Each structure stands twice: as structure tokens, then as C-alpha cells.
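Asker: Take a look at coords18.csv, CSV, C-alpha atoms and all ligand atoms:
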```
chain,number,residue,atom,x,y,z
R,1407,MET,CA,-56.1,236.0,-85.7
R,1408,LYS,CA,-54.1,233.5,-83.7
R,1409,GLY,CA,-50.5,233.9,-82.8
R,1410,PHE,CA,-47.9,232.3,-80.5
R,1411,ALA,CA,-46.6,234.7,-77.9
R,1412,MET,CA,-44.3,235.5,-75.0
R,1413,LEU,CA,-46.9,236.0,-72.2
R,1414,SER,CA,-44.2,237.0,-69.7
R,1415,ILE,CA,-40.6,235.9,-68.8
R,1416,ASN,CA,-40.6,232.0,-69.0
R,1417,LYS,CA,-44.2,231.8,-70.2
R,1418,VAL,CA,-45.4,231.3,-73.7
R,1419,GLY,CA,-48.8,230.5,-75.2
R,1420,TRP,CA,-51.4,231.0,-78.0
R,1421,ILE,CA,-53.3,234.3,-78.0
R,1422,GLU,CA,-55.8,236.1,-80.2
R,1423,LYS,CA,-54.8,239.5,-81.7
R,1424,GLU,CA,-56.3,241.8,-84.3
R,1425,LYS,CA,-55.1,241.1,-87.8
R,1426,PRO,CA,-52.6,243.8,-88.7
R,1427,VAL,CA,-53.4,246.4,-91.3
R,1428,ALA,CA,-51.0,247.7,-94.0
R,1429,GLY,CA,-50.1,251.4,-94.1
R,1430,PRO,CA,-49.5,252.9,-97.6
R,1431,TYR,CA,-46.0,251.5,-97.9
R,1432,ASP,CA,-46.5,248.3,-96.0
R,1433,ALA,CA,-47.5,244.7,-96.6
R,1434,ILE,CA,-49.3,242.0,-94.7
R,1435,VAL,CA,-47.8,238.6,-95.1
R,1436,ARG,CA,-49.2,235.1,-94.4
R,1437,PRO,CA,-46.3,232.8,-93.3
R,1438,LEU,CA,-45.5,229.7,-95.3
R,1439,ALA,CA,-42.5,228.7,-93.2
R,1440,VAL,CA,-41.0,230.0,-89.9
R,1441,SER,CA,-38.1,229.1,-87.8
R,1442,PRO,CA,-37.5,229.9,-84.1
R,1443,CYS,CA,-34.2,231.6,-83.3
R,1444,THR,CA,-31.9,231.2,-80.3
R,1445,SER,CA,-32.7,234.9,-79.8
R,1446,ASP,CA,-36.3,234.0,-79.2
R,1447,ILE,CA,-35.0,231.7,-76.4
R,1448,HIS,CA,-32.9,234.6,-74.9
R,1449,THR,CA,-36.0,236.8,-75.1
R,1450,VAL,CA,-38.4,234.4,-73.4
R,1451,PHE,CA,-36.3,232.4,-71.0
R,1452,GLU,CA,-33.5,234.9,-70.1
R,1453,GLY,CA,-35.6,238.1,-70.3
R,1454,ALA,CA,-33.0,239.6,-72.6
R,1455,LEU,CA,-35.5,242.3,-73.7
R,1456,GLY,CA,-37.0,242.7,-70.3
R,1457,ASP,CA,-40.4,241.5,-69.3
R,1458,ARG,CA,-42.7,241.5,-72.4
R,1459,HIS,CA,-46.4,240.7,-72.2
R,1460,ASP,CA,-48.4,239.1,-75.0
R,1461,MET,CA,-45.7,239.9,-77.7
R,1462,LEU,CA,-46.0,237.5,-80.7
R,1463,LEU,CA,-42.6,235.8,-81.1
R,1464,GLY,CA,-40.5,235.0,-84.2
R,1465,HIS,CA,-38.5,236.9,-86.7
R,1466,GLU,CA,-37.6,234.3,-89.3
R,1467,ALA,CA,-40.2,233.8,-92.0
R,1468,VAL,CA,-41.0,233.4,-95.6
R,1469,GLY,CA,-44.6,233.8,-96.8
R,1470,VAL,CA,-47.3,235.0,-99.3
R,1471,ILE,CA,-48.4,238.6,-99.5
R,1472,ASP,CA,-52.0,239.0,-98.4
R,1473,GLU,CA,-52.3,242.7,-98.7
R,1474,VAL,CA,-50.2,245.7,-99.9
R,1475,GLY,CA,-50.5,249.4,-99.2
R,1476,SER,CA,-51.5,251.9,-101.9
R,1477,GLU,CA,-47.9,253.0,-102.5
R,1478,VAL,CA,-46.2,249.6,-102.8
R,1479,LYS,CA,-44.9,249.3,-106.4
R,1480,ASP,CA,-42.9,246.1,-106.8
R,1481,PHE,CA,-44.9,243.5,-104.9
R,1482,LYS,CA,-48.5,242.3,-105.2
R,1483,VAL,CA,-51.0,240.1,-103.4
R,1484,GLY,CA,-50.0,236.4,-103.9
R,1485,ASP,CA,-46.2,237.0,-104.3
R,1486,ARG,CA,-44.0,234.6,-102.4
R,1487,VAL,CA,-41.5,236.6,-100.4
R,1488,ILE,CA,-38.5,236.2,-98.2
R,1489,VAL,CA,-38.8,238.5,-95.2
R,1490,PRO,CA,-35.6,239.6,-93.5
R,1491,ALA,CA,-35.4,239.5,-89.7
R,1492,ILE,CA,-34.2,243.1,-89.8
R,1493,THR,CA,-36.6,245.5,-91.5
R,1494,PRO,CA,-35.2,249.0,-91.3
R,1495,ASP,CA,-37.0,252.3,-91.8
R,1496,TRP,CA,-35.2,253.3,-95.0
R,1497,ARG,CA,-36.1,257.0,-94.6
R,1498,SER,CA,-33.9,257.6,-91.6
R,1499,LEU,CA,-30.7,259.4,-90.8
R,1500,GLU,CA,-29.0,256.2,-89.6
R,1501,VAL,CA,-29.5,254.8,-93.1
R,1502,GLN,CA,-27.7,257.8,-94.5
R,1503,ALA,CA,-24.9,257.2,-92.0
R,1504,GLY,CA,-24.6,253.6,-93.3
R,1505,PHE,CA,-26.3,251.7,-90.4
R,1506,PRO,CA,-29.8,250.7,-91.4
R,1507,GLN,CA,-29.8,248.1,-88.5
R,1508,HIS,CA,-30.0,251.1,-86.2
R,1509,SER,CA,-32.6,253.1,-88.1
R,1510,GLY,CA,-34.7,255.0,-85.5
R,1511,GLY,CA,-32.3,254.1,-82.6
R,1512,MET,CA,-29.9,251.5,-81.5
R,1513,LEU,CA,-31.0,248.0,-82.8
R,1514,ALA,CA,-34.4,249.5,-83.8
R,1515,GLY,CA,-34.1,247.9,-87.3
R,1516,TRP,CA,-35.0,244.7,-85.4
R,1517,LYS,CA,-38.7,245.1,-85.2
R,1518,PHE,CA,-40.3,241.6,-85.2
R,1519,SER,CA,-40.7,240.2,-81.7
R,1520,ASN,CA,-38.9,243.3,-80.3
R,1521,PHE,CA,-40.6,246.6,-81.2
R,1522,LYS,CA,-43.7,245.0,-82.6
R,1523,ASP,CA,-45.3,241.6,-83.0
R,1524,GLY,CA,-43.4,238.8,-84.6
R,1525,VAL,CA,-44.0,236.3,-87.4
R,1526,PHE,CA,-45.4,233.4,-85.4
R,1527,ALA,CA,-49.0,234.4,-86.4
R,1528,GLU,CA,-51.5,233.8,-89.0
R,1529,TYR,CA,-50.5,237.2,-90.5
R,1530,PHE,CA,-47.8,239.7,-89.8
R,1531,HIS,CA,-47.0,243.3,-90.8
R,1532,VAL,CA,-43.9,244.3,-92.8
R,1533,ASN,CA,-43.0,248.0,-92.9
R,1534,ASP,CA,-41.7,249.5,-96.2
R,1535,ALA,CA,-42.4,246.5,-98.3
R,1536,ASP,CA,-40.6,247.6,-101.5
R,1537,MET,CA,-37.4,248.1,-99.5
R,1538,ASN,CA,-37.7,245.1,-97.1
R,1539,LEU,CA,-39.1,242.2,-99.1
R,1540,ALA,CA,-37.4,240.0,-101.7
R,1541,LEU,CA,-39.1,237.6,-104.1
R,1542,MET,CA,-38.5,234.0,-103.3
R,1543,PRO,CA,-37.2,232.0,-106.3
R,1544,ASP,CA,-39.7,229.3,-107.4
R,1545,ASP,CA,-37.2,226.5,-107.1
R,1546,MET,CA,-35.8,227.4,-103.7
R,1547,SER,CA,-37.0,225.2,-100.8
R,1548,LEU,CA,-39.0,226.9,-98.0
R,1549,GLU,CA,-36.4,225.4,-95.5
R,1550,SER,CA,-33.5,227.0,-97.3
R,1551,ALA,CA,-35.3,230.3,-98.0
R,1552,VAL,CA,-36.1,230.8,-94.3
R,1553,MET,CA,-32.5,230.3,-93.4
R,1554,ILE,CA,-31.5,233.3,-95.4
R,1555,THR,CA,-33.7,235.7,-93.3
R,1556,ASP,CA,-31.4,235.6,-90.2
R,1557,MET,CA,-28.9,232.7,-89.9
R,1558,MET,CA,-27.2,233.3,-93.2
R,1559,THR,CA,-27.2,237.1,-93.0
R,1560,THR,CA,-25.9,237.0,-89.4
R,1561,GLY,CA,-23.1,234.5,-89.9
R,1562,PHE,CA,-22.0,236.2,-93.1
R,1563,HIS,CA,-22.0,239.5,-91.2
R,1564,GLY,CA,-19.7,238.0,-88.7
R,1565,ALA,CA,-17.3,237.3,-91.6
R,1566,GLU,CA,-17.8,240.8,-93.0
R,1567,LEU,CA,-17.2,242.5,-89.7
R,1568,ALA,CA,-14.0,240.4,-89.2
R,1569,ASN,CA,-12.7,241.9,-92.5
R,1570,ILE,CA,-11.3,238.5,-93.5
R,1571,GLN,CA,-8.5,238.8,-96.1
R,1572,MET,CA,-7.3,236.1,-98.6
R,1573,GLY,CA,-5.4,233.6,-96.4
R,1574,SER,CA,-6.5,235.0,-93.0
R,1575,SER,CA,-6.5,232.5,-90.2
R,1576,VAL,CA,-9.9,232.5,-88.5
R,1577,VAL,CA,-11.4,231.0,-85.4
R,1578,VAL,CA,-15.2,230.7,-85.3
R,1579,ILE,CA,-16.4,230.2,-81.7
R,1580,GLY,CA,-19.8,228.6,-81.7
R,1581,ILE,CA,-21.0,226.4,-84.5
R,1582,GLY,CA,-24.8,226.5,-84.3
R,1583,ALA,CA,-26.5,227.8,-87.4
R,1584,VAL,CA,-25.0,231.2,-87.1
R,1585,GLY,CA,-21.4,230.0,-86.6
R,1586,LEU,CA,-21.8,227.5,-89.4
R,1587,MET,CA,-22.7,230.4,-91.7
R,1588,ALA,CA,-19.8,232.4,-90.4
R,1589,ILE,CA,-17.6,229.5,-91.5
R,1590,ALA,CA,-19.2,229.5,-94.9
R,1591,GLY,CA,-18.8,233.3,-95.1
R,1592,ALA,CA,-15.2,233.1,-94.0
R,1593,LYS,CA,-14.4,230.5,-96.7
R,1594,LEU,CA,-16.1,232.6,-99.4
R,1595,ARG,CA,-14.0,235.6,-98.4
R,1596,GLY,CA,-10.8,233.6,-98.8
R,1597,ALA,CA,-9.9,232.5,-95.3
R,1598,GLY,CA,-7.0,230.0,-95.1
R,1599,ARG,CA,-7.2,228.0,-91.9
R,1600,ILE,CA,-10.6,228.0,-90.2
R,1601,ILE,CA,-10.7,226.6,-86.7
R,1602,ALA,CA,-14.2,225.9,-85.5
R,1603,VAL,CA,-15.1,225.7,-81.8
R,1604,GLY,CA,-18.1,223.6,-80.7
R,1605,SER,CA,-18.9,220.3,-79.1
R,1606,ARG,CA,-21.9,218.5,-80.6
R,1607,PRO,CA,-21.0,216.0,-83.3
R,1608,ILE,CA,-23.9,217.1,-85.7
R,1609,CYS,CA,-22.5,220.6,-85.7
R,1610,ILE,CA,-18.9,219.4,-86.1
R,1611,GLU,CA,-19.9,217.4,-89.1
R,1612,ALA,CA,-21.6,220.5,-90.6
R,1613,ALA,CA,-18.6,222.7,-89.7
R,1614,ASN,CA,-16.4,220.4,-91.7
R,1615,PHE,CA,-18.9,220.5,-94.6
R,1616,TYR,CA,-18.9,224.3,-94.6
R,1617,GLY,CA,-15.1,224.7,-94.6
R,1618,ALA,CA,-13.6,224.2,-91.1
R,1619,THR,CA,-10.0,222.9,-91.3
R,1620,ASP,CA,-9.7,222.2,-87.5
R,1621,ILE,CA,-12.1,221.5,-84.7
R,1622,VAL,CA,-11.7,222.5,-81.0
R,1623,ASN,CA,-14.0,221.2,-78.4
R,1624,TYR,CA,-14.7,223.8,-75.7
R,1625,LYS,CA,-15.8,221.1,-73.3
R,1626,THR,CA,-12.4,219.3,-73.2
R,1627,GLY,CA,-10.3,222.3,-72.0
R,1628,ASP,CA,-9.7,226.0,-72.2
R,1629,ILE,CA,-10.1,227.0,-75.9
R,1630,ALA,CA,-7.5,229.8,-75.7
R,1631,LYS,CA,-4.9,227.2,-74.6
R,1632,GLN,CA,-6.0,224.7,-77.2
R,1633,ILE,CA,-5.9,227.3,-80.0
R,1634,MET,CA,-2.5,228.8,-78.9
R,1635,ALA,CA,-1.1,225.2,-79.0
R,1636,LEU,CA,-2.6,224.6,-82.5
R,1637,THR,CA,-1.1,227.8,-83.8
R,1638,LYS,CA,2.3,227.3,-82.1
R,1639,GLY,CA,1.7,230.2,-79.8
R,1640,LYS,CA,1.0,232.7,-82.5
R,1641,GLY,CA,-2.8,233.0,-82.4
R,1642,VAL,CA,-5.0,233.9,-85.4
R,1643,ASP,CA,-5.8,236.9,-87.5
R,1644,ARG,CA,-9.5,236.9,-87.0
R,1645,VAL,CA,-12.0,235.6,-84.4
R,1646,ILE,CA,-15.8,235.4,-85.0
R,1647,ILE,CA,-17.9,234.9,-81.8
R,1648,ALA,CA,-21.2,233.1,-82.6
R,1649,GLY,CA,-21.9,231.5,-79.3
R,1650,GLY,CA,-20.6,231.2,-75.7
R,1651,THR,CA,-20.5,233.3,-72.6
R,1652,PRO,CA,-19.0,236.6,-71.6
R,1653,GLU,CA,-15.8,234.7,-70.9
R,1654,THR,CA,-15.6,233.9,-74.6
R,1655,LEU,CA,-14.6,237.5,-75.2
R,1656,ILE,CA,-11.6,237.0,-72.9
R,1657,GLN,CA,-10.6,233.9,-74.9
R,1658,ALA,CA,-11.1,235.7,-78.3
R,1659,VAL,CA,-9.0,238.7,-77.3
R,1660,THR,CA,-6.3,236.3,-76.0
R,1661,ILE,CA,-6.1,234.3,-79.2
R,1662,VAL,CA,-6.3,237.1,-81.8
R,1663,LYS,CA,-2.9,238.5,-83.0
R,1664,PRO,CA,-2.0,242.2,-82.6
R,1665,GLY,CA,-3.7,244.0,-85.5
R,1666,GLY,CA,-6.4,241.4,-85.6
R,1667,VAL,CA,-10.1,241.6,-85.3
R,1668,VAL,CA,-12.6,240.0,-82.9
R,1669,SER,CA,-16.0,240.1,-84.6
R,1670,ASN,CA,-19.0,239.4,-82.3
R,1671,VAL,CA,-22.5,238.4,-83.6
R,1672,ASN,CA,-23.4,236.6,-80.4
R,1673,TYR,CA,-26.3,238.0,-78.4
R,1674,HIS,CA,-25.1,238.7,-74.9
R,1675,GLY,CA,-28.3,238.4,-73.0
R,1676,LYS,CA,-27.1,238.6,-69.3
R,1677,GLY,CA,-25.1,240.9,-67.0
R,1678,ASP,CA,-24.2,244.5,-67.2
R,1679,PHE,CA,-20.6,244.3,-68.4
R,1680,LEU,CA,-18.5,242.3,-70.8
R,1681,PRO,CA,-14.9,241.6,-69.9
R,1682,ILE,CA,-11.8,242.6,-71.9
R,1683,PRO,CA,-8.5,241.1,-70.6
R,1684,ARG,CA,-6.1,244.0,-70.0
R,1685,LEU,CA,-2.7,242.4,-70.6
R,1686,GLU,CA,-4.0,240.3,-73.6
R,1687,TRP,CA,-5.4,243.6,-75.0
R,1688,GLY,CA,-1.9,245.0,-74.9
R,1689,CYS,CA,-2.9,247.3,-72.0
R,1690,GLY,CA,-5.1,249.0,-74.7
R,1691,MET,CA,-2.3,249.3,-77.3
R,1692,ALA,CA,-2.4,246.0,-79.2
R,1693,HIS,CA,-4.4,247.2,-82.2
R,1694,LYS,CA,-6.8,244.4,-81.5
R,1695,THR,CA,-10.2,245.6,-82.8
R,1696,ILE,CA,-13.4,244.4,-81.1
R,1697,VAL,CA,-16.5,244.9,-83.2
R,1698,GLY,CA,-20.1,243.6,-82.9
R,1699,GLY,CA,-23.1,244.0,-85.0
R,1700,LEU,CA,-26.8,243.2,-85.7
R,1701,CYS,CA,-27.3,241.4,-89.0
R,1702,PRO,CA,-28.1,243.4,-92.1
R,1703,GLY,CA,-31.7,243.2,-93.4
R,1704,GLY,CA,-33.6,244.8,-96.2
R,1705,ARG,CA,-34.3,243.8,-99.8
R,1706,LEU,CA,-30.9,244.2,-101.4
R,1707,ARG,CA,-29.2,242.2,-98.7
R,1708,MET,CA,-31.8,239.4,-99.2
R,1709,GLU,CA,-31.4,239.5,-103.0
R,1710,MET,CA,-27.6,239.2,-102.8
R,1711,LEU,CA,-27.8,236.3,-100.4
R,1712,ILE,CA,-30.4,234.7,-102.6
R,1713,ASP,CA,-27.9,234.8,-105.5
R,1714,LEU,CA,-25.3,233.1,-103.4
R,1715,VAL,CA,-27.7,230.2,-102.8
R,1716,LYS,CA,-29.1,230.2,-106.4
R,1717,TYR,CA,-25.7,230.0,-108.0
R,1718,ASN,CA,-24.6,227.3,-105.6
R,1719,ARG,CA,-22.0,229.2,-103.6
R,1720,VAL,CA,-23.7,228.1,-100.4
R,1721,ASP,CA,-25.9,225.1,-99.6
R,1722,LEU,CA,-28.2,226.0,-96.7
R,1723,SER,CA,-29.9,222.6,-96.5
R,1724,ARG,CA,-27.4,221.3,-93.9
R,1725,LEU,CA,-28.7,223.8,-91.4
R,1726,VAL,CA,-32.2,222.4,-91.1
R,1727,THR,CA,-32.3,219.2,-89.1
R,1728,HIS,CA,-36.0,219.2,-87.9
R,1729,VAL,CA,-39.0,219.9,-90.0
R,1730,TYR,CA,-42.4,220.3,-88.5
R,1731,HIS,CA,-45.7,220.5,-90.4
R,1732,GLY,CA,-48.6,222.7,-89.3
R,1733,PHE,CA,-49.2,226.1,-87.6
R,1734,ASP,CA,-49.8,224.4,-84.3
R,1735,LYS,CA,-46.3,223.0,-84.2
R,1736,MET,CA,-44.7,226.4,-83.4
R,1737,GLU,CA,-44.6,225.7,-79.7
R,1738,GLU,CA,-42.9,222.4,-80.1
R,1739,ALA,CA,-40.4,223.8,-82.5
R,1740,LEU,CA,-39.6,226.7,-80.1
R,1741,LEU,CA,-39.1,224.3,-77.2
R,1742,THR,CA,-36.9,222.1,-79.3
R,1743,MET,CA,-34.7,225.2,-79.8
R,1744,LYS,CA,-34.6,225.7,-76.0
R,1745,VAL,CA,-33.6,222.1,-75.2
R,1746,LYS,CA,-31.1,221.8,-78.2
R,1747,SER,CA,-31.1,218.0,-78.4
R,1748,LYS,CA,-27.9,216.3,-79.7
R,1749,ASP,CA,-29.1,216.1,-83.2
R,1750,LEU,CA,-30.5,219.7,-83.6
R,1751,ILE,CA,-29.1,222.5,-85.6
R,1752,LYS,CA,-32.3,224.4,-86.7
R,1753,PRO,CA,-36.0,223.5,-86.7
R,1754,VAL,CA,-38.4,224.8,-89.4
R,1755,VAL,CA,-42.2,224.8,-89.3
R,1756,ILE,CA,-43.9,224.5,-92.7
R,1757,ILE,CA,-47.3,226.0,-92.4
E,1801,LIG,P1,-26.7,227.9,-81.0
E,1801,LIG,O1,-27.1,227.9,-79.6
E,1801,LIG,O2,-27.3,227.0,-82.0
E,1801,LIG,O3,-25.1,227.8,-81.1
E,1801,LIG,C1,-24.3,228.2,-80.1
E,1801,LIG,C2,-22.9,227.6,-80.3
E,1801,LIG,O4,-22.0,228.0,-79.3
E,1801,LIG,C3,-22.9,226.1,-80.3
E,1801,LIG,O5,-22.0,225.6,-81.2
E,1801,LIG,C4,-22.4,225.8,-78.9
E,1801,LIG,O6,-21.8,224.5,-78.8
E,1801,LIG,C5,-21.4,226.9,-78.7
E,1801,LIG,N1,-21.1,227.2,-77.3
E,1801,LIG,C6,-21.9,227.2,-76.2
E,1801,LIG,N2,-21.3,227.5,-75.1
E,1801,LIG,C7,-20.0,227.7,-75.5
E,1801,LIG,C8,-18.8,228.1,-74.8
E,1801,LIG,N3,-18.8,228.3,-73.5
E,1801,LIG,N4,-17.7,228.2,-75.5
E,1801,LIG,C9,-17.6,228.0,-76.8
E,1801,LIG,N5,-18.7,227.7,-77.5
E,1801,LIG,C10,-19.9,227.5,-76.9
E,1801,LIG,O7,-27.0,229.4,-81.5
E,1801,LIG,P2,-27.2,230.1,-82.9
E,1801,LIG,O8,-26.2,229.6,-83.9
E,1801,LIG,O9,-28.6,229.9,-83.3
E,1801,LIG,O10,-27.0,231.6,-82.6
E,1801,LIG,C11,-25.7,232.1,-82.1
E,1801,LIG,C12,-25.9,233.4,-81.4
E,1801,LIG,O11,-26.2,234.4,-82.4
E,1801,LIG,C13,-27.1,233.5,-80.4
E,1801,LIG,O12,-26.6,234.2,-79.2
E,1801,LIG,C14,-28.1,234.2,-81.1
E,1801,LIG,O13,-29.0,234.9,-80.2
E,1801,LIG,C15,-27.3,235.2,-81.9
E,1801,LIG,N6,-27.9,235.9,-83.0
E,1801,LIG,C16,-27.4,237.1,-83.3
E,1801,LIG,C17,-27.9,237.8,-84.4
E,1801,LIG,C18,-27.3,239.1,-84.8
E,1801,LIG,O14,-27.9,239.8,-85.6
E,1801,LIG,N7,-26.2,239.5,-84.3
E,1801,LIG,C19,-29.0,237.3,-85.2
E,1801,LIG,C20,-29.3,235.9,-84.9
E,1801,LIG,C21,-28.8,235.2,-83.8
E,1801,LIG,P3,-22.6,223.1,-78.5
E,1801,LIG,O15,-23.9,223.3,-79.1
E,1801,LIG,O16,-21.7,222.1,-79.1
E,1801,LIG,O17,-22.7,223.0,-77.0
E,1802,ZN,ZN,-32.6,235.7,-84.7
```
Using C-alpha cells, write down the structure that the file contains.
Answerer:
Amino acid sequence: MKGFAMLSINKVGWIEKEKPVAGPYDAIVRPLAVSPCTSDIHTVFEGALGDRHDMLLGHEAVGVIDEVGSEVKDFKVGDRVIVPAITPDWRSLEVQAGFPQHSGGMLAGWKFSNFKDGVFAEYFHVNDADMNLALMPDDMSLESAVMITDMMTTGFHGAELANIQMGSSVVVIGIGAVGLMAIAGAKLRGAGRIIAVGSRPICIEAANFYGATDIVNYKTGDIAKQIMALTKGKGVDRVIIAGGTPETLIQAVTIVKPGGVVSNVNYHGKGDFLPIPRLEWGCGMAHKTIVGGLCPGGRLRMEMLIDLVKYNRVDLSRLVTHVYHGFDKMEEALLTMKVKSKDLIKPVVII
């Protein structure tokens, strides 16, 4: 079969691979729609996972089941399914400890385009199909369905990790698709003021749509200064980091109040260390929690997010700005994500 791969750092291309085979609990899926992720860009062009050779890219897909293993009970050939970016091994001690994302080792629940080939292929393999797939509602658009697999679960996880309370003041740093979903998640959890940090007008418009009350442009001055001025020197209860650089962590710790939470879902792809500002962190005694996490995957998570869309709590259509048609458009879509033109939030390829 054909697939679109990372050939080495900075190099991508089409390659031939063996079609994967389903083990007893697994499924083989033929993609109907895929979307490149900013993480694919970190992987290929920043070498965030080290040098990988001939690894098929992509971890955001919805598709049709082509084959199921003998022990799969709830899905059959021909079912249209949403496939989470994170597909844990549900028989693992990490799951018993409450962290399926790390089943089998740190971050090992993230298998596509990391521990195994990704979804930019004619077919891809899904481990533990009964536990990792979710049926796609018939009336859901492919564009919206594919946004659930990673963007929605990640942004919402940012809001969950931030432990937002009714009326919490929240800053969301970065308003690409992940940050926009963090805004939507913060609003659903009852945030009061939501200050969004970005620069591109298309994202600012979407941030307002999803619930931002204030906008700060990181290109027009230090965001910590701007946010301290907006909050009359008090800072905010919660900060969600969904974009930026290591310095963003300094700004986040600076603007969060004592007792507050900095929740990071940004992928820090470079350098050996991340900075924490000593004084702003109360010399270690400010009760300012810093937490970061990989998005939850698995079937139940997908089904719960599907309900939020189905019952009109969240409208995902605003995330998708570019729609390509045809398997051969994957390269163009990926490169669009690298360049991030002024009018781009997320591209989707309909196959
Ligand atoms: P985007 O690149 O679309 O968005 C990044 C956002 O950060 C943009 O709004 C950008 O603003 C803003 N930004 C860039 N530089 C700065 C800065 N110095 N200070 C403040 N804001 C800045 O990314 P995505 O939304 O697709 O993804 C966000 C991150 O989440 C990525 O690192 C991605 O890899 C990661 N991720 C993590 C997952 C997880 O499980 N934890 C899963 C999926 C993704 P502008 O565009 O206006 O310049
Ligand atoms: Zn991703």
C-alpha cells in the first residue's frame, strides 16, 4: 500500500509499505478523512522525536473498518469510526493507575506516527479496537469528526488539567485549533473572564466565537505585562498553554495567582530544559501548580466528546479552514500546516 512518510528529519515523501494485519483484538481502518497536526510538523521539521526513517505520518483520522480481529465484538467491517490520536493498551498497569496515555511507558499511548506507522496511508492498524474506536454519527461531517480525534480532546484536556472552577479567570496562550478548544472547554467548565493570546485575525475571530472575553496580541508587547495591566496587577486563576516557546512558561508562572494552575498541552519540541522563574514562583512556595499532559484517547473519551458535538455544546466547524480532496493532497495539506498562512486554522483532507 501507499503512504506518506517522514523519510528523515526535514524530508517527507510517498513510500510503499506492507498493508498492516489485524491481531485478534485489532482493526484495520481505511481513512475517509485525515488532518495533519502541528505535532507532525514538530516531528518532521524539528526532529522532536529524533531522526525517524520511513515512518508514516499522521494521527488524526476517521475511516471505515476494513478488517477486524477474531476477538473484536462491538465493531464490524464497513463501520464508520472515529479513531483517537491516542490509542492506549487498556491491559496495562498505567491504566489501573489512571493514566492510559502512558500505558506501556511515558507517552506510549501515542502510537500513530510515534511508536508505529501513522494514518496517512491507504490503511492503518488500530490496537484494541473495542476499547479505542468510536462509531461516527451518520449526520456528523467528516471535517468535524476528525477534529474530535486530537484538537478537541487536547484543548479540553488543557481546561481539565487547569481545574477550572465556576467563575475562574483564565488565560489561554496560543489560539490555534488546540487553544481554541481550550477556550471552548474553559467556557463549558464555567470560566468567567477568558483572555486569549494570539496574533492572526482568523484565530482571534474564532477565539471570540468560542468564548474569549479579551484578546492579547503577543506580537505587540510582553504578554505578562499586558495581562497584569488588564487584571490591575492581580493576574489570573488559571493559565492554559497551547502554543509559544519555553519563555511562555515564564510568562504563565508570572501571571498566575498564588494557588493557581498553569496547565500545559503545548508540545515543547526543542532544548533540554524548560524555565521556571524563581521569584514569580514564590521561591518555590507560591502554591502555583504546573501540570502538563498528553490528550486522553480511547473509546469512552471519544464517545463523550461526540455527545458534546451531537447535542450542540460545541461547534467544531470553525476549526477547519482548508479542505482538500484526494489521497494525493496529503503532502500539500501537511506543508500548509508548516507554513501557516494568515487564513489557516486546520486543513482536512477528504479521501
Ligand atoms: P498552532 O501552531 O496552530 O497554534 C499555536 C498558537 O500559538 C497560535 O495561536 C500562535 O499565534 C501562538 N503563538 C506562537 N508563538 C507564540 C508566542 N511566542 N507567544 C504566545 N503565543 C504564541 O498549533 P496547534 O493549535 O495545532 O497546537 C498547539 C500545540 O499543541 C502544538 O505544540 C502541538 O504540537 C500541541 N499538541 C499537543 C497535544 C497533546 O496531547 N498535549 C496534542 C496535539 C497538539 P499566531 O498563529 O497568531 O502566530
Ligand atoms: Zn496531534
Asker: Show me which residues sit within 9 Å of ligand ZN 1802 (chain E) when counting only C-alpha atoms and all ligand atoms, and put them as a VMD selection string.
Answerer: chain R and resid 1442 to 1446 1464 to 1466 1491 1555 to 1557 1560 1701
Asker: Rank R:Phe1521, R:Phe1505, R:Tyr1730, R:Trp1516 by their smallest atom-to-atom distance to ligand LIG 1801 (chain E), using all atoms listed in the file, and report the top residue only.
Answerer: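 Using all atoms listed in the file, the shortest distance to ligand LIG 1801 (chain E) belongs to R:Trp1516.
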Asker: With distances taken over all atoms listed in the file, which residue among R:Gly1732, R:Gly1604, R:Pro1652, R:Pro1664 lies nearest ligand LIG 1801 (chain E)?
Answerer: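 Distance minimum relative to ligand LIG 1801 (chain E) lands on R:Gly1604.
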Asker: Kindly provide, as a PyMOL selection string, all nucleotide and amino acid residues lying within 7 Å of ligand LIG 1801 (chain E), counting all atoms listed in the file.
Answerer: chain R and resi 1443-1445+1448+1556-1557+1560+1579-1585+1603-1606+1609+1624+1648-1651+1654+1671-1674+1699-1701+1751
Asker: Could you check the closest approach to R:Gly1666 for each of R:Lys1638, R:Phe1615, R:Asn1569, R:Asp1628 and tell me which residue wins, using only C-alpha atoms?
Answerer: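 The shortest atom-to-atom distance to R:Gly1666 comes from R:Asn1569.
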Asker: Please list, as a PyMOL selection string, the residues that have an atom at most 6 Å away from (-12.6, 233.0, -87.7) in the coordinates of this file, counting all atoms listed in the file.
Answerer: chain R and resi 1576-1578+1600+1644-1646
Asker: Which residue, R:Leu1463, R:Ala1514, R:Leu1714, R:Met1537, has the smallest gap to R:Leu1594 when you use all atoms listed in the file?
Answerer: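 Under the stated criterion, the closest residue is R:Leu1714.
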Asker: Name the closest residue to R:Glu1653 among the candidates R:Ala1630, R:Ile1447, R:Ile1492, R:Leu1455; distances are taken between atoms, counting all atoms listed in the file.
Answerer: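 Looking at the shortest contact to R:Glu1653, the residue is R:Ala1630.
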Asker: Work out how far apart atom CA of R:Gln1502 and atom CA of R:Glu1709 are and give it in Å to one decimal.
Answerer: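 Atom-to-atom, atom CA of R:Gln1502 and atom CA of R:Glu1709 are spaced 20.5 Å apart.
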